[in-house]
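One file, structure26.pdb, is given below (PDB, C-alpha atoms).
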ATOM      1  CA  MET A  17       0.000   0.000   0.000  1.00  0.00           C
ATOM      2  CA  GLY A  18       3.033   2.241   0.507  1.00  0.00           C
ATOM      3  CA  HIS A  19       3.783   2.025  -3.199  1.00  0.00           C
ATOM      4  CA  GLY A  20       3.866   5.372  -4.959  1.00  0.00           C
ATOM      5  CA  VAL A  21       3.457   7.469  -1.822  1.00  0.00           C
ATOM      6  CA  HIS A  22       6.292   9.156   0.035  1.00  0.00           C
ATOM      7  CA  VAL A  23       5.555  10.064   3.660  1.00  0.00           C
ATOM      8  CA  THR A  24       7.453  12.733   5.594  1.00  0.00           C
ATOM      9  CA  ASP A  25       6.946  13.709   9.229  1.00  0.00           C
ATOM     10  CA  LEU A  26       6.461  17.426   9.700  1.00  0.00           C
ATOM     11  CA  PHE A  27       7.463  17.892  13.293  1.00  0.00           C
ATOM     12  CA  GLY A  28       4.731  19.580  15.315  1.00  0.00           C
ATOM     13  CA  ILE A  29       2.485  19.977  12.283  1.00  0.00           C
ATOM     14  CA  GLY A  30       1.544  16.552  10.981  1.00  0.00           C
ATOM     15  CA  LYS A  31       2.508  14.533   7.965  1.00  0.00           C
ATOM     16  CA  LYS A  32       3.190  15.148   4.322  1.00  0.00           C
ATOM     17  CA  TYR A  33       2.211  12.556   1.723  1.00  0.00           C
ATOM     18  CA  GLU A  34       3.644  12.926  -1.763  1.00  0.00           C
ATOM     19  CA  ILE A  35       1.844  10.976  -4.430  1.00  0.00           C
ATOM     20  CA  GLY A  36       3.724  10.204  -7.602  1.00  0.00           C
ATOM     21  CA  CYS A  37       1.614  10.564 -10.698  1.00  0.00           C
ATOM     22  CA  GLY A  38       2.441   9.125 -14.063  1.00  0.00           C
ATOM     23  CA  GLY A  39       1.086  12.244 -15.699  1.00  0.00           C
ATOM     24  CA  LYS A  40       2.292  15.807 -15.796  1.00  0.00           C
ATOM     25  CA  GLN A  41       1.312  16.518 -12.190  1.00  0.00           C
ATOM     26  CA  ARG A  42       2.570  15.748  -8.729  1.00  0.00           C
ATOM     27  CA  LEU A  43       0.369  15.796  -5.645  1.00  0.00           C
ATOM     28  CA  ALA A  44       1.155  16.471  -2.017  1.00  0.00           C
ATOM     29  CA  VAL A  45      -1.240  16.229   0.911  1.00  0.00           C
ATOM     30  CA  ILE A  46      -0.489  17.801   4.282  1.00  0.00           C
ATOM     31  CA  VAL A  47      -2.453  16.096   7.049  1.00  0.00           C
ATOM     32  CA  ARG A  48      -2.481  18.294  10.135  1.00  0.00           C
ATOM     33  CA  LYS A  49      -2.872  17.027  13.667  1.00  0.00           C
ATOM     34  CA  ASP A  50      -6.305  18.697  13.918  1.00  0.00           C
ATOM     35  CA  GLY A  51      -7.580  16.623  10.999  1.00  0.00           C
ATOM     36  CA  THR A  52      -7.614  19.376   8.385  1.00  0.00           C
ATOM     37  CA  LYS A  53      -5.878  18.603   5.131  1.00  0.00           C
ATOM     38  CA  GLU A  54      -4.296  20.581   2.346  1.00  0.00           C
ATOM     39  CA  LEU A  55      -3.984  19.250  -1.143  1.00  0.00           C
ATOM     40  CA  TYR A  56      -1.222  20.712  -3.328  1.00  0.00           C
ATOM     41  CA  ALA A  57      -0.870  20.116  -7.037  1.00  0.00           C
ATOM     42  CA  PHE A  58       2.415  20.764  -8.811  1.00  0.00           C
ATOM     43  CA  GLU A  59       3.308  20.683 -12.458  1.00  0.00           C
ATOM     44  CA  LYS A  60       6.170  18.299 -13.057  1.00  0.00           C
ATOM     45  CA  GLY A  61       9.425  20.126 -13.554  1.00  0.00           C
ATOM     46  CA  SER A  62       8.552  23.203 -11.533  1.00  0.00           C
ATOM     47  CA  SER A  63       8.597  21.762  -8.035  1.00  0.00           C
ATOM     48  CA  ASP A  64       8.461  24.995  -6.059  1.00  0.00           C
ATOM     49  CA  GLU A  65       5.168  26.793  -6.670  1.00  0.00           C
ATOM     50  CA  PRO A  66       1.961  24.745  -6.487  1.00  0.00           C
ATOM     51  CA  THR A  67      -0.532  25.302  -9.274  1.00  0.00           C
ATOM     52  CA  ALA A  68      -3.371  24.578  -6.867  1.00  0.00           C
ATOM     53  CA  VAL A  69      -3.952  24.524  -3.127  1.00  0.00           C
ATOM     54  CA  ILE A  70      -7.178  23.006  -1.835  1.00  0.00           C
ATOM     55  CA  HIS A  71      -8.050  23.320   1.851  1.00  0.00           C
ATOM     56  CA  LEU A  72     -10.214  20.542   3.268  1.00  0.00           C
ATOM     57  CA  GLU A  73     -11.942  20.174   6.605  1.00  0.00           C
ATOM     58  CA  GLU A  74     -12.014  16.663   8.016  1.00  0.00           C
ATOM     59  CA  ASP A  75     -15.539  15.862   6.757  1.00  0.00           C
ATOM     60  CA  GLU A  76     -14.846  17.352   3.325  1.00  0.00           C
ATOM     61  CA  ALA A  77     -11.713  15.225   3.016  1.00  0.00           C
ATOM     62  CA  ARG A  78     -13.716  12.147   4.013  1.00  0.00           C
ATOM     63  CA  ARG A  79     -16.363  12.835   1.362  1.00  0.00           C
ATOM     64  CA  LEU A  80     -13.753  13.472  -1.302  1.00  0.00           C
ATOM     65  CA  ALA A  81     -11.954  10.266  -0.278  1.00  0.00           C
ATOM     66  CA  ALA A  82     -15.181   8.281  -0.673  1.00  0.00           C
ATOM     67  CA  VAL A  83     -15.799   9.714  -4.143  1.00  0.00           C
ATOM     68  CA  LEU A  84     -12.210   9.167  -5.298  1.00  0.00           C
ATOM     69  CA  GLY A  85     -11.994   5.698  -3.779  1.00  0.00           C
ATOM     70  CA  GLY A  86     -15.275   4.606  -5.324  1.00  0.00           C
ATOM     71  CA  THR A  87     -16.923   3.959  -1.967  1.00  0.00           C
ATOM     72  CA  PHE A  88     -19.368   6.837  -2.136  1.00  0.00           C
ATOM     73  CA  PHE A  89     -23.023   5.868  -2.323  1.00  0.00           C
ATOM     74  CA  SER A  90     -25.792   8.401  -2.376  1.00  0.00           C
ATOM     75  CA  ASP A  91     -28.840   8.183  -0.095  1.00  0.00           C
ATOM     76  CA  ASP A  92     -31.195   9.637  -2.650  1.00  0.00           C
TER      77      ASP A  92
ATOM     78  CA  MET B  28     -23.470   9.266   3.412  1.00  0.00           C
ATOM     79  CA  GLY B  29     -25.145  11.266   0.627  1.00  0.00           C
ATOM     80  CA  HIS B  30     -24.950  14.334   2.806  1.00  0.00           C
ATOM     81  CA  GLY B  31     -23.034  17.225   1.294  1.00  0.00           C
ATOM     82  CA  VAL B  32     -22.468  15.591  -2.073  1.00  0.00           C
ATOM     83  CA  HIS B  33     -24.551  16.246  -5.177  1.00  0.00           C
ATOM     84  CA  VAL B  34     -24.382  13.555  -7.845  1.00  0.00           C
ATOM     85  CA  THR B  35     -25.233  14.163 -11.513  1.00  0.00           C
ATOM     86  CA  ASP B  36     -25.228  11.602 -14.303  1.00  0.00           C
ATOM     87  CA  LEU B  37     -23.204  12.709 -17.318  1.00  0.00           C
ATOM     88  CA  PHE B  38     -24.720  10.628 -20.065  1.00  0.00           C
ATOM     89  CA  GLY B  39     -22.088   8.577 -21.892  1.00  0.00           C
ATOM     90  CA  ILE B  40     -19.253  10.031 -19.837  1.00  0.00           C
ATOM     91  CA  GLY B  41     -19.724   9.041 -16.214  1.00  0.00           C
ATOM     92  CA  LYS B  42     -20.783  10.880 -13.102  1.00  0.00           C
ATOM     93  CA  LYS B  43     -20.184  14.251 -11.548  1.00  0.00           C
ATOM     94  CA  TYR B  44     -19.911  14.601  -7.769  1.00  0.00           C
ATOM     95  CA  GLU B  45     -20.127  18.101  -6.326  1.00  0.00           C
ATOM     96  CA  ILE B  46     -18.845  18.426  -2.803  1.00  0.00           C
ATOM     97  CA  GLY B  47     -20.043  21.370  -0.768  1.00  0.00           C
ATOM     98  CA  CYS B  48     -17.319  22.904   1.347  1.00  0.00           C
ATOM     99  CA  GLY B  49     -17.863  25.207   4.265  1.00  0.00           C
ATOM    100  CA  GLY B  50     -14.887  27.238   3.181  1.00  0.00           C
ATOM    101  CA  LYS B  51     -14.267  29.492   0.209  1.00  0.00           C
ATOM    102  CA  GLN B  52     -13.945  26.625  -2.238  1.00  0.00           C
ATOM    103  CA  ARG B  53     -16.188  24.190  -4.031  1.00  0.00           C
ATOM    104  CA  LEU B  54     -15.061  20.846  -5.394  1.00  0.00           C
ATOM    105  CA  ALA B  55     -16.311  18.743  -8.268  1.00  0.00           C
ATOM    106  CA  VAL B  56     -15.077  15.288  -9.264  1.00  0.00           C
ATOM    107  CA  ILE B  57     -15.805  13.787 -12.659  1.00  0.00           C
ATOM    108  CA  VAL B  58     -15.595  10.002 -12.548  1.00  0.00           C
ATOM    109  CA  ARG B  59     -15.280   8.618 -16.068  1.00  0.00           C
ATOM    110  CA  LYS B  60     -16.403   5.174 -17.122  1.00  0.00           C
ATOM    111  CA  ASP B  61     -12.757   4.151 -17.698  1.00  0.00           C
ATOM    112  CA  GLY B  62     -11.929   4.867 -14.051  1.00  0.00           C
ATOM    113  CA  THR B  63      -9.991   8.085 -14.586  1.00  0.00           C
ATOM    114  CA  LYS B  64     -11.038  11.018 -12.459  1.00  0.00           C
ATOM    115  CA  GLU B  65     -10.796  14.764 -12.699  1.00  0.00           C
ATOM    116  CA  LEU B  66     -10.845  16.971  -9.660  1.00  0.00           C
ATOM    117  CA  TYR B  67     -11.991  20.563 -10.137  1.00  0.00           C
ATOM    118  CA  ALA B  68     -11.665  23.287  -7.537  1.00  0.00           C
ATOM    119  CA  PHE B  69     -13.727  26.453  -7.760  1.00  0.00           C
ATOM    120  CA  GLU B  70     -13.636  29.611  -5.727  1.00  0.00           C
ATOM    121  CA  LYS B  71     -17.039  30.308  -4.230  1.00  0.00           C
ATOM    122  CA  GLY B  72     -18.837  33.034  -6.113  1.00  0.00           C
ATOM    123  CA  SER B  73     -17.173  32.481  -9.457  1.00  0.00           C
ATOM    124  CA  SER B  74     -18.726  29.196 -10.496  1.00  0.00           C
ATOM    125  CA  ASP B  75     -17.591  29.084 -14.116  1.00  0.00           C
ATOM    126  CA  GLU B  76     -13.791  28.835 -14.300  1.00  0.00           C
ATOM    127  CA  PRO B  77     -12.050  26.277 -12.081  1.00  0.00           C
ATOM    128  CA  THR B  78      -8.971  27.503 -10.228  1.00  0.00           C
ATOM    129  CA  ALA B  79      -7.487  24.016 -10.419  1.00  0.00           C
ATOM    130  CA  VAL B  80      -7.944  20.875 -12.488  1.00  0.00           C
ATOM    131  CA  ILE B  81      -6.200  17.709 -11.318  1.00  0.00           C
ATOM    132  CA  HIS B  82      -6.212  14.644 -13.565  1.00  0.00           C
ATOM    133  CA  LEU B  83      -5.987  11.301 -11.777  1.00  0.00           C
ATOM    134  CA  GLU B  84      -5.502   7.784 -13.074  1.00  0.00           C
ATOM    135  CA  GLU B  85      -7.402   5.090 -11.214  1.00  0.00           C
ATOM    136  CA  ASP B  86      -4.462   4.069  -9.000  1.00  0.00           C
ATOM    137  CA  GLU B  87      -3.522   7.679  -8.241  1.00  0.00           C
ATOM    138  CA  ALA B  88      -7.110   8.394  -7.198  1.00  0.00           C
ATOM    139  CA  ARG B  89      -7.062   5.316  -4.958  1.00  0.00           C
ATOM    140  CA  ARG B  90      -3.841   6.423  -3.246  1.00  0.00           C
ATOM    141  CA  LEU B  91      -5.132   9.961  -2.773  1.00  0.00           C
ATOM    142  CA  ALA B  92      -8.396   8.549  -1.375  1.00  0.00           C
ATOM    143  CA  ALA B  93      -6.457   6.457   1.152  1.00  0.00           C
ATOM    144  CA  VAL B  94      -4.429   9.465   2.294  1.00  0.00           C
ATOM    145  CA  LEU B  95      -7.473  11.762   2.529  1.00  0.00           C
ATOM    146  CA  GLY B  96      -9.644   9.144   4.206  1.00  0.00           C
ATOM    147  CA  GLY B  97      -6.981   8.324   6.760  1.00  0.00           C
ATOM    148  CA  THR B  98      -6.698   4.699   5.655  1.00  0.00           C
ATOM    149  CA  PHE B  99      -3.229   5.000   4.151  1.00  0.00           C
ATOM    150  CA  PHE B 100      -0.488   3.043   5.887  1.00  0.00           C
ATOM    151  CA  SER B 101       3.064   2.945   4.660  1.00  0.00           C
ATOM    152  CA  ASP B 102       5.008  -0.286   4.233  1.00  0.00           C
ATOM    153  CA  ASP B 103       8.272   1.278   5.228  1.00  0.00           C
TER     154      ASP B 103
END
Translate the structure of the given file into structure tokens.
Amino acid sequence: MGHGVHVTDLFGIGKKYEIGCGGKQRLAVIVRKDGTKELYAFEKGSSDEPTAVIHLEEDEARRLAAVLGGTFFSDD
Amino acid sequence: MGHGVHVTDLFGIGKKYEIGCGGKQRLAVIVRKDGTKELYAFEKGSSDEPTAVIHLEEDEARRLAAVLGGTFFSDD
């Protein structure tokens, strides 16, 4: 399961997960100790400035995870 | 589980999941029939042009889902 994800401890903050993509983009997720998450997208090549930063509360991250993981089922 | 997510069928393409965020952003995920996914981020207010588009292959989406959902565990 660790395949393709690089985990770094951010002391006092939380953890950083870097997800290697085959495509032109690179993703990083910062998981803070309070449960909030930040999703960063980078273009490959330019590793410094993210092209997108998405802030997610814990419940938003959970919903997005369900949709992306294919485990989301609607009530209605 | 359907709470906070609006699902639309995109005929012939797949499904669109809109995730309401409390914050200043809105998210939409297009799940295509071939398993690839596109994540769109919008600033609230301006609903037309996404501020970010992230293309994800099926395995990338699965890894990101594990990290966001808190079910990712590293081997190393």
Quiz item: Residues picked by the PyMOL selection byres ((chain A and resi 87) around 12) here, as a ChimeraX atom specification?
Solution: /A:78-86,88-90 /B:28-29,88-89,92-93,96
Practice problem: Would you write out, as a list in words, every residue that the PyMOL selection byres ((chain A and resi 46) around 9) captures in this file? | Solution: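 Applied to this file, the PyMOL selection byres ((chain A and resi 46) around 9) selects Leu26, Ile29, Gly30, Lys31, Lys32, Tyr33, Glu34, Ala44, Val45, Val47, Arg48, Thr52, Lys53, Glu54, Leu55 and Tyr56 of chain A.
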Self-check item: Length of the CA of His71 (chain A) to CA of Gly62 (chain B) vector [Å]
Solution: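 Taking CA of His71 (chain A) and CA of Gly62 (chain B), their separation equals 24.7 Å.
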Exercise. With a distance cut-off of 12 Å and only C-alpha atoms, select the neighbouring residues of Gln52 (chain B), excluding the residue or stretch itself and same-chain residues fewer than 5 positions from it, and output the selection as a VMD selection string.
Key: (chain A and resid 68 to 73 76) or (chain B and resid 45 to 47 67 to 74 77 to 79)
Quiz item: For the atom pair CA of Val34 (chain B) and CA of Asp75 (chain A), what is the interatomic distance in Å to one decimal place?
Solution: 17.2 Å
Exercise. Enter the distance from CA of His33 (chain B) to CA of Glu76 (chain B), in Å, rounded to one decimal.
Key: 18.9 Å
Practice problem: Go through A:Phe27, A:Asp64, A:Asp50, A:Glu74 and flag the residue nearest chain B, using all atoms listed in the file for the distances. | Solution: A:Glu74
Calculate, to one decimal in Å, the centre and edge lengths of the box along x, y and z of the file that holds all listed atoms of region 71-82 of chain B with 5 Å of margin on each side, and present them as JSON.
{"center_x": -12.5, "center_y": 23.8, "center_z": -9.3, "size_x": 22.6, "size_y": 28.4, "size_z": 20.1}
